[in-house]
$ cat model04.txt   # compact mmCIF, C-alpha atoms
# COMPACT_ATOMS: atom_id res chain seq x y z
CA MET C 1 21.58 20.25 10.04
CA THR C 2 24.53 19.23 12.25
CA PRO C 3 28.14 19.39 11.02
CA GLN C 4 28.26 15.56 11.11
CA SER C 5 25.12 15.34 8.97
CA LEU C 6 26.57 17.76 6.46
CA LEU C 7 29.85 15.82 6.38
CA GLN C 8 28.04 12.54 5.70
CA LEU C 9 25.91 14.10 2.96
CA THR C 10 28.93 15.52 1.13
CA SER C 11 31.29 12.57 1.70
CA GLN C 12 32.12 10.17 -1.11
CA LYS C 13 29.86 7.10 -1.26
CA CYS C 14 30.38 3.55 -2.49
CA THR C 15 27.52 2.16 -4.56
CA THR C 16 25.74 -0.97 -3.35
CA GLY C 17 25.30 -2.03 -6.96
CA CYS C 18 21.54 -1.35 -6.84
CA PRO C 19 20.05 2.04 -7.84
CA ILE C 20 17.04 1.57 -5.55
CA LEU C 21 19.18 0.89 -2.47
CA ASP C 22 21.59 3.68 -3.44
CA ARG C 23 18.67 6.11 -3.62
CA LEU C 24 17.55 5.07 -0.12
CA LEU C 25 21.10 5.58 1.18
CA TYR C 26 21.69 8.88 -0.67
CA GLY C 27 24.33 7.34 -2.93
CA GLY C 28 25.54 4.28 -1.04
CA ILE C 29 27.82 3.53 1.93
CA PRO C 30 29.69 6.70 3.00
CA CYS C 31 33.46 7.05 3.38
CA ASP C 32 35.09 8.44 6.55
CA SER C 33 32.43 6.65 8.57
CA ILE C 34 31.39 3.34 10.18
CA THR C 35 28.16 1.85 8.83
CA GLU C 36 26.65 -1.14 10.64
CA ILE C 37 24.20 -3.66 9.20
CA VAL C 38 22.14 -5.52 11.83
CA ALA C 39 20.16 -8.67 11.06
CA GLU C 40 19.55 -12.27 12.00
CA SER C 41 21.45 -15.01 10.18
CA GLY C 42 20.36 -15.61 6.60
CA SER C 43 18.92 -12.12 6.09
CA GLY C 44 21.46 -10.82 3.57
CA LYS C 45 24.20 -9.13 5.62
CA THR C 46 27.05 -11.05 3.99
CA GLN C 47 25.42 -10.65 0.55
CA ILE C 48 25.66 -6.86 0.87
CA CYS C 49 29.26 -7.07 2.12
CA LEU C 50 30.36 -9.23 -0.82
CA GLN C 51 28.45 -7.08 -3.30
CA LEU C 52 29.97 -3.87 -1.91
CA SER C 53 33.48 -5.36 -2.07
CA LEU C 54 33.00 -5.97 -5.80
CA HIS C 55 31.34 -2.64 -6.62
CA ALA C 56 34.00 -0.67 -4.75
CA GLN C 57 36.23 -1.54 -7.70
CA LEU C 58 34.12 0.45 -10.17
CA PRO C 59 35.38 3.87 -11.32
CA VAL C 60 34.32 6.84 -9.20
CA SER C 61 32.27 8.08 -12.18
CA HIS C 62 30.11 4.94 -11.83
CA GLY C 63 29.66 5.12 -8.06
CA GLY C 64 32.64 2.99 -7.02
CA LEU C 65 35.84 3.91 -5.21
CA ALA C 66 38.25 2.58 -7.87
CA ALA C 67 39.61 0.55 -4.99
CA SER C 68 40.34 -2.81 -3.41
CA SER C 69 38.81 -3.98 -0.14
CA LEU C 70 39.97 -5.69 3.05
CA TYR C 71 37.42 -8.29 4.14
CA LEU C 72 37.83 -9.45 7.77
CA HIS C 73 35.56 -12.43 8.44
CA THR C 74 34.75 -14.02 11.78
CA GLU C 75 32.06 -16.45 10.62
CA PHE C 76 33.41 -19.69 9.16
CA PRO C 77 33.77 -20.85 6.50
CA PHE C 78 34.15 -17.80 4.26
CA PRO C 79 31.59 -17.95 1.37
CA PHE C 80 34.09 -18.16 -1.51
CA ARG C 81 31.58 -20.00 -3.70
CA ARG C 82 28.99 -17.22 -3.35
CA LEU C 83 31.65 -14.55 -3.93
CA HIS C 84 32.69 -16.18 -7.22
CA GLN C 85 29.03 -16.47 -8.24
CA LEU C 86 28.47 -12.75 -7.60
CA CYS C 87 31.76 -11.98 -9.32
CA LEU C 88 30.60 -13.63 -12.54
CA SER C 89 27.47 -11.48 -12.58
CA PHE C 90 29.45 -8.35 -11.69
CA ARG C 91 32.00 -9.08 -14.40
CA SER C 92 29.39 -9.60 -17.11
CA SER C 93 27.57 -6.38 -16.17
CA ASN C 94 30.74 -4.28 -16.01
CA ALA C 95 33.05 -5.94 -18.55
CA HIS C 96 33.85 -2.59 -20.21
CA HIS C 97 35.49 -1.37 -16.99
CA PHE C 98 38.00 -4.22 -16.67
CA PRO C 99 40.65 -5.87 -18.87
CA VAL C 100 39.95 -9.24 -20.47
CA ASN C 101 40.66 -12.16 -18.09
CA ASP C 102 40.68 -9.76 -15.13
CA ASN C 103 39.42 -11.30 -11.87
CA PRO C 104 37.81 -8.79 -9.44
CA CYS C 105 38.17 -11.35 -6.62
CA ASP C 106 41.92 -10.66 -6.68
CA ARG C 107 41.20 -7.19 -5.29
CA ILE C 108 39.32 -8.49 -2.25
CA PHE C 109 41.85 -9.30 0.48
CA VAL C 110 40.24 -11.88 2.80
CA GLN C 111 41.56 -12.34 6.34
CA SER C 112 40.07 -14.56 9.06
CA VAL C 113 39.71 -13.16 12.59
CA HIS C 114 39.36 -15.38 15.65
CA SER C 115 39.02 -12.99 18.60
CA ALA C 116 38.72 -9.32 19.52
CA ASP C 117 42.41 -9.21 20.45
CA HIS C 118 43.28 -10.82 17.10
CA LEU C 119 41.25 -8.09 15.34
CA LEU C 120 43.21 -5.38 17.17
CA GLU C 121 46.46 -7.10 16.22
CA ILE C 122 45.42 -7.16 12.54
CA MET C 123 44.32 -3.54 12.66
CA SER C 124 47.68 -2.48 14.09
CA LYS C 125 49.22 -3.72 10.83
CA THR C 126 46.55 -2.23 8.58
CA ASP C 127 48.10 1.24 8.19
CA PRO C 128 51.24 0.05 6.38
CA PHE C 129 49.18 -2.47 4.38
CA ILE C 130 46.87 0.28 3.08
CA GLU C 131 49.80 2.64 2.57
CA ASN C 132 51.59 0.05 0.39
CA SER C 133 48.40 -0.68 -1.56
CA LYS C 134 48.39 2.87 -2.93
CA ASN C 135 51.01 1.84 -5.47
CA GLN C 136 48.50 -0.60 -7.02
CA VAL C 137 44.72 -0.46 -6.54
CA PRO C 138 44.34 1.25 -3.14
CA VAL C 139 42.32 -0.28 -0.32
CA ARG C 140 39.39 2.03 0.46
CA LEU C 141 36.84 -0.37 1.94
CA ILE C 142 37.09 -2.38 5.15
CA VAL C 143 34.46 -5.01 5.96
CA ILE C 144 34.12 -6.79 9.32
CA ASP C 145 31.64 -9.65 9.06
CA SER C 146 30.64 -9.95 11.87
CA ILE C 147 31.66 -8.02 14.97
CA ALA C 148 29.26 -9.91 17.26
CA ALA C 149 30.97 -13.26 16.67
CA LEU C 150 34.13 -11.95 18.35
CA PHE C 151 32.26 -11.33 21.61
CA ARG C 152 29.97 -14.34 21.60
CA SER C 153 31.71 -16.52 24.18
CA ASP C 154 34.91 -14.90 25.43
CA PHE C 155 33.26 -12.68 28.06
CA ASP C 156 31.35 -13.41 31.25
CA ASN C 157 28.40 -11.30 32.41
CA THR C 158 30.32 -9.65 35.28
CA PRO C 159 31.07 -5.93 35.84
CA VAL C 160 34.79 -6.48 35.20
CA GLU C 161 34.22 -8.41 31.98
CA LEU C 162 31.57 -5.94 30.74
CA LYS C 163 33.99 -3.09 31.36
CA ARG C 164 36.74 -4.93 29.46
CA ARG C 165 34.32 -5.60 26.61
CA SER C 166 33.31 -1.92 26.41
CA SER C 167 36.98 -0.95 26.38
CA LEU C 168 37.58 -3.25 23.39
CA PHE C 169 34.56 -1.74 21.60
CA PHE C 170 36.10 1.70 22.02
CA LYS C 171 39.57 0.59 20.88
CA ILE C 172 38.20 -1.17 17.79
CA SER C 173 35.88 1.67 16.75
CA SER C 174 38.53 4.33 17.43
CA LYS C 175 41.01 2.50 15.20
CA LEU C 176 38.41 2.03 12.46
CA LYS C 177 37.43 5.72 12.57
CA ALA C 178 41.09 6.77 12.46
CA LEU C 179 41.69 4.56 9.40
CA ALA C 180 38.50 5.83 7.74
CA LYS C 181 39.57 9.44 8.27
CA ARG C 182 43.22 9.01 7.27
CA PHE C 183 42.58 7.05 4.07
CA ASN C 184 39.00 8.23 3.34
CA LEU C 185 37.76 4.65 3.70
CA ALA C 186 34.26 3.25 3.84
CA VAL C 187 33.88 0.87 6.80
CA LEU C 188 31.05 -1.68 6.85
CA VAL C 189 30.45 -3.82 9.94
CA THR C 190 27.78 -6.50 10.41
CA ASN C 191 26.12 -7.35 13.71
CA GLN C 192 23.71 -10.04 14.93
CA VAL C 193 20.42 -9.64 16.78
CA VAL C 194 19.16 -11.07 20.07
CA ASP C 195 15.57 -11.64 21.17
CA LEU C 196 14.02 -8.76 23.08
CA VAL C 197 12.18 -9.96 26.17
CA GLY C 198 9.90 -7.66 28.14
CA PRO C 199 7.78 -4.59 27.47
CA ASN C 200 10.57 -2.06 27.08
CA GLU C 201 11.53 -0.62 23.72
CA GLY C 202 14.96 -0.67 22.11
CA ILE C 203 18.15 -1.76 23.79
CA ASN C 204 18.00 -2.18 27.56
CA GLY C 205 14.78 -0.19 27.58
CA LEU C 206 16.19 2.71 25.54
CA ARG C 207 14.91 3.72 22.14
CA ILE C 208 17.83 4.10 19.73
CA GLY C 209 17.19 5.62 16.33
CA ASN C 210 14.01 5.69 14.27
CA LEU C 211 12.58 2.33 15.30
CA GLY C 212 11.41 1.71 18.84
CA CYS C 213 11.60 -2.03 18.29
CA LEU C 214 12.89 -4.24 15.50
CA HIS C 215 10.94 -7.24 14.16
CA THR C 216 12.17 -10.16 12.10
CA SER C 217 10.81 -13.69 11.56
CA GLY C 218 7.87 -12.79 13.79
CA ARG C 219 10.14 -11.95 16.75
CA ARG C 220 10.98 -8.74 18.58
CA VAL C 221 14.74 -8.34 18.49
CA CYS C 222 17.47 -5.81 19.25
CA PRO C 223 21.06 -5.50 18.00
CA ALA C 224 23.66 -7.56 19.85
CA LEU C 225 26.41 -5.93 21.94
CA GLY C 226 24.13 -3.34 23.56
CA LEU C 227 24.29 0.42 23.97
CA ALA C 228 28.09 0.57 24.38
CA TRP C 229 28.61 -0.70 20.83
CA ALA C 230 25.69 1.34 19.41
CA ASN C 231 27.60 4.47 20.41
CA CYS C 232 30.62 3.30 18.40
CA VAL C 233 29.01 3.34 14.93
CA ASN C 234 27.92 6.33 12.85
CA SER C 235 25.01 4.70 10.99
CA ARG C 236 22.89 1.62 11.60
CA LEU C 237 20.84 -0.28 9.01
CA PHE C 238 18.52 -3.18 9.83
CA LEU C 239 17.50 -6.07 7.56
CA SER C 240 14.27 -7.86 8.39
CA ARG C 241 12.91 -11.13 7.05
CA ASN C 242 9.23 -11.99 7.48
CA GLU C 243 6.60 -14.16 5.83
CA GLU C 244 3.59 -12.53 4.25
CA VAL C 245 0.41 -14.43 3.35
CA ILE C 246 -0.79 -13.51 -0.13
CA ARG C 247 -4.22 -14.32 -1.51
CA GLU C 248 -4.20 -15.67 -5.05
CA GLU C 249 -7.33 -16.29 -7.10
CA ASN C 250 -7.34 -19.36 -9.34
CA GLU C 251 -9.90 -20.41 -11.92
CA LYS C 252 -11.24 -23.94 -11.57
CA SER C 253 -13.96 -25.87 -13.41
CA ASN C 254 -16.46 -25.17 -10.65
CA GLY C 255 -15.70 -21.43 -10.55
CA GLN C 256 -13.30 -19.12 -8.71
CA SER C 257 -11.29 -20.36 -5.76
CA CYS C 258 -8.67 -18.72 -3.57
CA ASP C 259 -5.30 -20.03 -2.48
CA PHE C 260 -3.18 -18.48 0.24
CA VAL C 261 0.52 -18.50 -0.46
CA LYS C 262 3.34 -17.60 1.94
CA LYS C 263 5.89 -15.21 0.50
CA LYS C 264 9.15 -14.19 2.14
CA MET C 265 9.46 -10.41 2.41
CA ARG C 266 12.80 -8.74 3.13
CA LYS C 267 13.18 -5.07 4.06
CA LEU C 268 16.05 -2.71 4.75
CA TYR C 269 15.46 0.02 7.36
CA VAL C 270 17.50 3.08 8.30
CA VAL C 271 17.62 2.86 12.11
CA PHE C 272 19.88 5.87 12.58
CA ALA C 273 22.27 7.88 10.43
CA PRO C 274 23.27 11.56 10.68
CA HIS C 275 22.53 12.17 7.00
CA LEU C 276 19.49 9.94 6.34
CA PRO C 277 15.80 10.29 7.23
CA GLU C 278 13.67 7.45 8.56
CA SER C 279 13.07 5.24 5.54
CA SER C 280 12.85 1.64 4.35
CA CYS C 281 12.93 -0.41 1.19
CA GLU C 282 11.91 -3.93 0.23
CA PHE C 283 14.62 -6.07 -1.35
CA GLU C 284 15.20 -9.55 -2.74
CA ILE C 285 18.20 -11.86 -3.02
CA THR C 286 18.79 -13.53 -6.37
CA ARG C 287 21.61 -15.49 -7.96
CA GLU C 288 22.95 -12.18 -9.33
CA GLY C 289 22.91 -10.36 -5.98
CA LEU C 290 20.81 -8.30 -3.59
CA PHE C 291 18.47 -5.75 -5.16
CA GLY C 292 15.82 -3.30 -3.98
CA VAL C 293 12.21 -3.76 -5.09
CA GLU C 294 9.82 -0.93 -5.92
CA ARG C 295 6.13 -1.58 -5.20
$ encode --input "model04.txt" --output "structure tokens"
Amino acid sequence: MTPQSLLQLTSQKCTTGCPILDRLLYGGIPCDSITEIVAESGSGKTQICLQLSLHAQLPVSHGGLAASSLYLHTEFPFPFRRLHQLCLSFRSSNAHHFPVNDNPCDRIFVQSVHSADHLLEIMSKTDPFIENSKNQVPVRLIVIDSIAALFRSDFDNTPVELKRRSSLFFKISSKLKALAKRFNLAVLVTNQVVDLVGPNEGINGLRIGNLGCLHTSGRRVCPALGLAWANCVNSRLFLSRNEEVIREENEKSNGQSCDFVKKKMRKLYVVFAPHLPESSCEFEITREGLFGVER
């Protein structure tokens, strides 16, 4: 076991709010680390981010961080309606941990981000913000949802622009890792996927992590931002969404008949992480949140 693996195993974790997912992740999302969630739109990335921001407020004895969160969003508009819906469920399930009339949403600091340079500007002011928060409920979770949106259109596909983009990756990840280490934060970043064309596996023909190729909605995909960004994160999780045809037997007056029904199946995969083995788990999204399913 490498020193990094040992550090991740023993580091404090923030519960996802689901025992099945926590078991897959050996306790939840680790502190002093950058965890990335990769998926196509509508797969549940933001659901996990919102859910984690709420559950970070739970006492340490119940898997939380007893902390507030800083939520940096790049996809517009921010899903306030869904956050309040999840908050109601969270509040009713954990009422004994919070005062009457307490609103957990007040401990999620939401900030919009419009470009990579804007993100760096915000992060330069994050140290004093977190330092000042210690007097109240400290900030110990940073969410960036999503990193890919910041690099979607501002860069051309030229050597100079690619070099500038890689430099920004390094600056952003270095700052996030420094914050995570100094304040023992959990950092959660979401990323998009792009279609994978050609016979090669992984990103640019390289296999990265446990899965040679990722599949979602019947397509072969790979994480956006390429190998340069993959080297900036400590752990990568992948959410897939596929349709499964299920055979159902129905009784009719003339005997047995079969219907074929399409069911949406969602799975979470560990692509790479220094402290986690290759594993996966089915999950579902309900009004109350995102939860693992045991089959």
$ residues_around --input "model04.txt" --residues "range 239-246 of chain C" --least-positions-apart "6" --cutoff "7 Å" --atoms "all atoms listed in the file" --output "list in words"
Val38, Ala39, Ser43, His215, Thr216, Ser217, Gly218, Phe260, Val261, Lys262, Lys263, Lys264, Met265, Arg266, Lys267, Leu268 and Tyr269 of chain C
$ write_last_selection --input "model04.txt" --atoms "C-alpha atoms" --output "PDB file, keeping the file's coordinate frame"
ATOM      1  CA  VAL C  38      22.140  -5.520  11.830  1.00  0.00           C
ATOM      2  CA  ALA C  39      20.160  -8.670  11.060  1.00  0.00           C
ATOM      3  CA  SER C  43      18.920 -12.120   6.090  1.00  0.00           C
ATOM      4  CA  HIS C 215      10.940  -7.240  14.160  1.00  0.00           C
ATOM      5  CA  THR C 216      12.170 -10.160  12.100  1.00  0.00           C
ATOM      6  CA  SER C 217      10.810 -13.690  11.560  1.00  0.00           C
ATOM      7  CA  GLY C 218       7.870 -12.790  13.790  1.00  0.00           C
ATOM      8  CA  PHE C 260      -3.180 -18.480   0.240  1.00  0.00           C
ATOM      9  CA  VAL C 261       0.520 -18.500  -0.460  1.00  0.00           C
ATOM     10  CA  LYS C 262       3.340 -17.600   1.940  1.00  0.00           C
ATOM     11  CA  LYS C 263       5.890 -15.210   0.500  1.00  0.00           C
ATOM     12  CA  LYS C 264       9.150 -14.190   2.140  1.00  0.00           C
ATOM     13  CA  MET C 265       9.460 -10.410   2.410  1.00  0.00           C
ATOM     14  CA  ARG C 266      12.800  -8.740   3.130  1.00  0.00           C
ATOM     15  CA  LYS C 267      13.180  -5.070   4.060  1.00  0.00           C
ATOM     16  CA  LEU C 268      16.050  -2.710   4.750  1.00  0.00           C
ATOM     17  CA  TYR C 269      15.460   0.020   7.360  1.00  0.00           C
TER      18      TYR C 269
END
$ closest_residue --input "model04.txt" --among "C:Cys87, C:Leu141, C:Leu179, C:Ala148" --to "Ala66 in chain C" --atoms "only C-alpha atoms"
C:Leu141
$ residues_around --input "model04.txt" --residues "Arg23 in chain C" --least-positions-apart "3" --cutoff "12 Å" --atoms "only C-alpha atoms" --output "PDB file with C-alpha atoms, in the coordinates of the input"
ATOM      1  CA  LYS C  13      29.860   7.100  -1.260  1.00  0.00           C
ATOM      2  CA  THR C  15      27.520   2.160  -4.560  1.00  0.00           C
ATOM      3  CA  THR C  16      25.740  -0.970  -3.350  1.00  0.00           C
ATOM      4  CA  GLY C  17      25.300  -2.030  -6.960  1.00  0.00           C
ATOM      5  CA  CYS C  18      21.540  -1.350  -6.840  1.00  0.00           C
ATOM      6  CA  PRO C  19      20.050   2.040  -7.840  1.00  0.00           C
ATOM      7  CA  ILE C  20      17.040   1.570  -5.550  1.00  0.00           C
ATOM      8  CA  TYR C  26      21.690   8.880  -0.670  1.00  0.00           C
ATOM      9  CA  GLY C  27      24.330   7.340  -2.930  1.00  0.00           C
ATOM     10  CA  GLY C  28      25.540   4.280  -1.040  1.00  0.00           C
ATOM     11  CA  ILE C  29      27.820   3.530   1.930  1.00  0.00           C
ATOM     12  CA  GLY C  63      29.660   5.120  -8.060  1.00  0.00           C
ATOM     13  CA  LEU C 276      19.490   9.940   6.340  1.00  0.00           C
ATOM     14  CA  PRO C 277      15.800  10.290   7.230  1.00  0.00           C
ATOM     15  CA  SER C 279      13.070   5.240   5.540  1.00  0.00           C
ATOM     16  CA  SER C 280      12.850   1.640   4.350  1.00  0.00           C
ATOM     17  CA  CYS C 281      12.930  -0.410   1.190  1.00  0.00           C
ATOM     18  CA  PHE C 291      18.470  -5.750  -5.160  1.00  0.00           C
ATOM     19  CA  GLY C 292      15.820  -3.300  -3.980  1.00  0.00           C
ATOM     20  CA  VAL C 293      12.210  -3.760  -5.090  1.00  0.00           C
ATOM     21  CA  GLU C 294       9.820  -0.930  -5.920  1.00  0.00           C
TER      22      GLU C 294
END
$ atom_distance --input "model04.txt" --atom1 "CA of Leu58 in chain C" --atom2 "CA of Glu75 in chain C"
26.9 Å
$ closest_residue --input "model04.txt" --among "C:Pro159, C:Pro138, C:Pro77, C:Gly289" --to "Ser89 in chain C" --atoms "all atoms listed in the file"
C:Gly289
$ atom_distance --input "model04.txt" --atom1 "CA of Asn135 in chain C" --atom2 "CA of Arg182 in chain C"
16.6 Å
$ residues_around --input "model04.txt" --residues "Ser235 in chain C" --least-positions-apart "3" --cutoff "8 Å" --atoms "only C-alpha atoms" --output "VMD selection string"
chain C and resid 34 to 36 271 to 274
$ closest_residue --input "model04.txt" --among "C:Ala67, C:Gln85, C:His275, C:Val189" --to "Arg107 in chain C" --atoms "all atoms listed in the file"
C:Ala67
$ closest_residue --input "model04.txt" --among "C:Leu65, C:Ala224, C:Leu88, C:Cys31" --to "Thr10 in chain C" --atoms "all atoms listed in the file"
C:Cys31
$ closest_residue --input "model04.txt" --among "C:Ser124, C:Ser33, C:Gln51, C:Ser167" --to "Leu83 in chain C" --atoms "all atoms listed in the file"
C:Gln51
$ atom_distance --input "model04.txt" --atom1 "CA of Thr190 in chain C" --atom2 "CA of Lys45 in chain C"
6.5 Å
$ closest_residue --input "model04.txt" --among "C:Pro128, C:Pro59, C:Gly42, C:Gly226" --to "His97 in chain C" --atoms "only C-alpha atoms"
C:Pro59
$ residues_near_point --input "model04.txt" --point "(23.3, -15.2, 14.8)" --cutoff "8 Å" --atoms "only C-alpha atoms" --output "JSON, numbers by chain"
{"C": [40, 41, 192, 193, 194]}
$ build_atoms --input "model04.txt" --residues "range 175-193 of chain C" --atoms "N, CA, C and O atoms" --output "compact mmCIF listing (two decimals), in the coordinates of the input"
# COMPACT_ATOMS: atom_id res chain seq x y z
N LYS C 175 40.04 2.85 16.25
CA LYS C 175 41.01 2.50 15.20
C LYS C 175 40.34 2.54 13.83
O LYS C 175 40.92 3.07 12.85
N LEU C 176 39.13 2.02 13.74
CA LEU C 176 38.41 2.03 12.46
C LEU C 176 38.13 3.46 11.99
O LEU C 176 38.30 3.79 10.81
N LYS C 177 37.72 4.32 12.93
CA LYS C 177 37.43 5.72 12.57
C LYS C 177 38.70 6.45 12.15
O LYS C 177 38.67 7.28 11.23
N ALA C 178 39.81 6.14 12.82
CA ALA C 178 41.09 6.77 12.46
C ALA C 178 41.52 6.35 11.05
O ALA C 178 41.98 7.17 10.25
N LEU C 179 41.36 5.05 10.74
CA LEU C 179 41.69 4.56 9.40
C LEU C 179 40.77 5.18 8.35
O LEU C 179 41.22 5.60 7.28
N ALA C 180 39.47 5.26 8.68
CA ALA C 180 38.50 5.83 7.74
C ALA C 180 38.83 7.29 7.43
O ALA C 180 38.73 7.73 6.28
N LYS C 181 39.25 8.01 8.45
CA LYS C 181 39.57 9.44 8.27
C LYS C 181 40.88 9.61 7.52
O LYS C 181 40.97 10.42 6.58
N ARG C 182 41.90 8.85 7.88
CA ARG C 182 43.22 9.01 7.27
C ARG C 182 43.22 8.65 5.78
O ARG C 182 43.82 9.35 4.96
N PHE C 183 42.54 7.55 5.45
CA PHE C 183 42.58 7.05 4.07
C PHE C 183 41.27 7.27 3.32
O PHE C 183 41.11 6.79 2.21
N ASN C 184 40.32 7.99 3.94
CA ASN C 184 39.00 8.23 3.34
C ASN C 184 38.35 6.91 2.94
O ASN C 184 37.88 6.71 1.82
N LEU C 185 38.31 5.98 3.91
CA LEU C 185 37.76 4.65 3.70
C LEU C 185 36.27 4.61 4.00
O LEU C 185 35.77 5.38 4.82
N ALA C 186 35.59 3.65 3.39
CA ALA C 186 34.26 3.25 3.84
C ALA C 186 34.45 2.02 4.74
O ALA C 186 35.21 1.13 4.40
N VAL C 187 33.79 2.01 5.88
CA VAL C 187 33.88 0.87 6.80
C VAL C 187 32.47 0.30 6.98
O VAL C 187 31.54 1.01 7.34
N LEU C 188 32.33 -0.99 6.71
CA LEU C 188 31.05 -1.68 6.85
C LEU C 188 31.21 -2.83 7.84
O LEU C 188 32.07 -3.69 7.67
N VAL C 189 30.38 -2.82 8.88
CA VAL C 189 30.45 -3.82 9.94
C VAL C 189 29.09 -4.50 10.06
O VAL C 189 28.05 -3.82 10.03
N THR C 190 29.06 -5.82 10.19
CA THR C 190 27.78 -6.50 10.41
C THR C 190 27.66 -6.89 11.88
O THR C 190 28.64 -7.08 12.58
N ASN C 191 26.41 -7.01 12.33
CA ASN C 191 26.12 -7.35 13.71
C ASN C 191 24.91 -8.28 13.74
O ASN C 191 24.05 -8.24 12.84
N GLN C 192 24.83 -9.10 14.77
CA GLN C 192 23.71 -10.04 14.93
C GLN C 192 22.59 -9.38 15.75
O GLN C 192 22.73 -8.25 16.21
N VAL C 193 21.51 -10.11 15.92
CA VAL C 193 20.42 -9.64 16.78
C VAL C 193 20.20 -10.66 17.90
O VAL C 193 20.60 -11.82 17.79
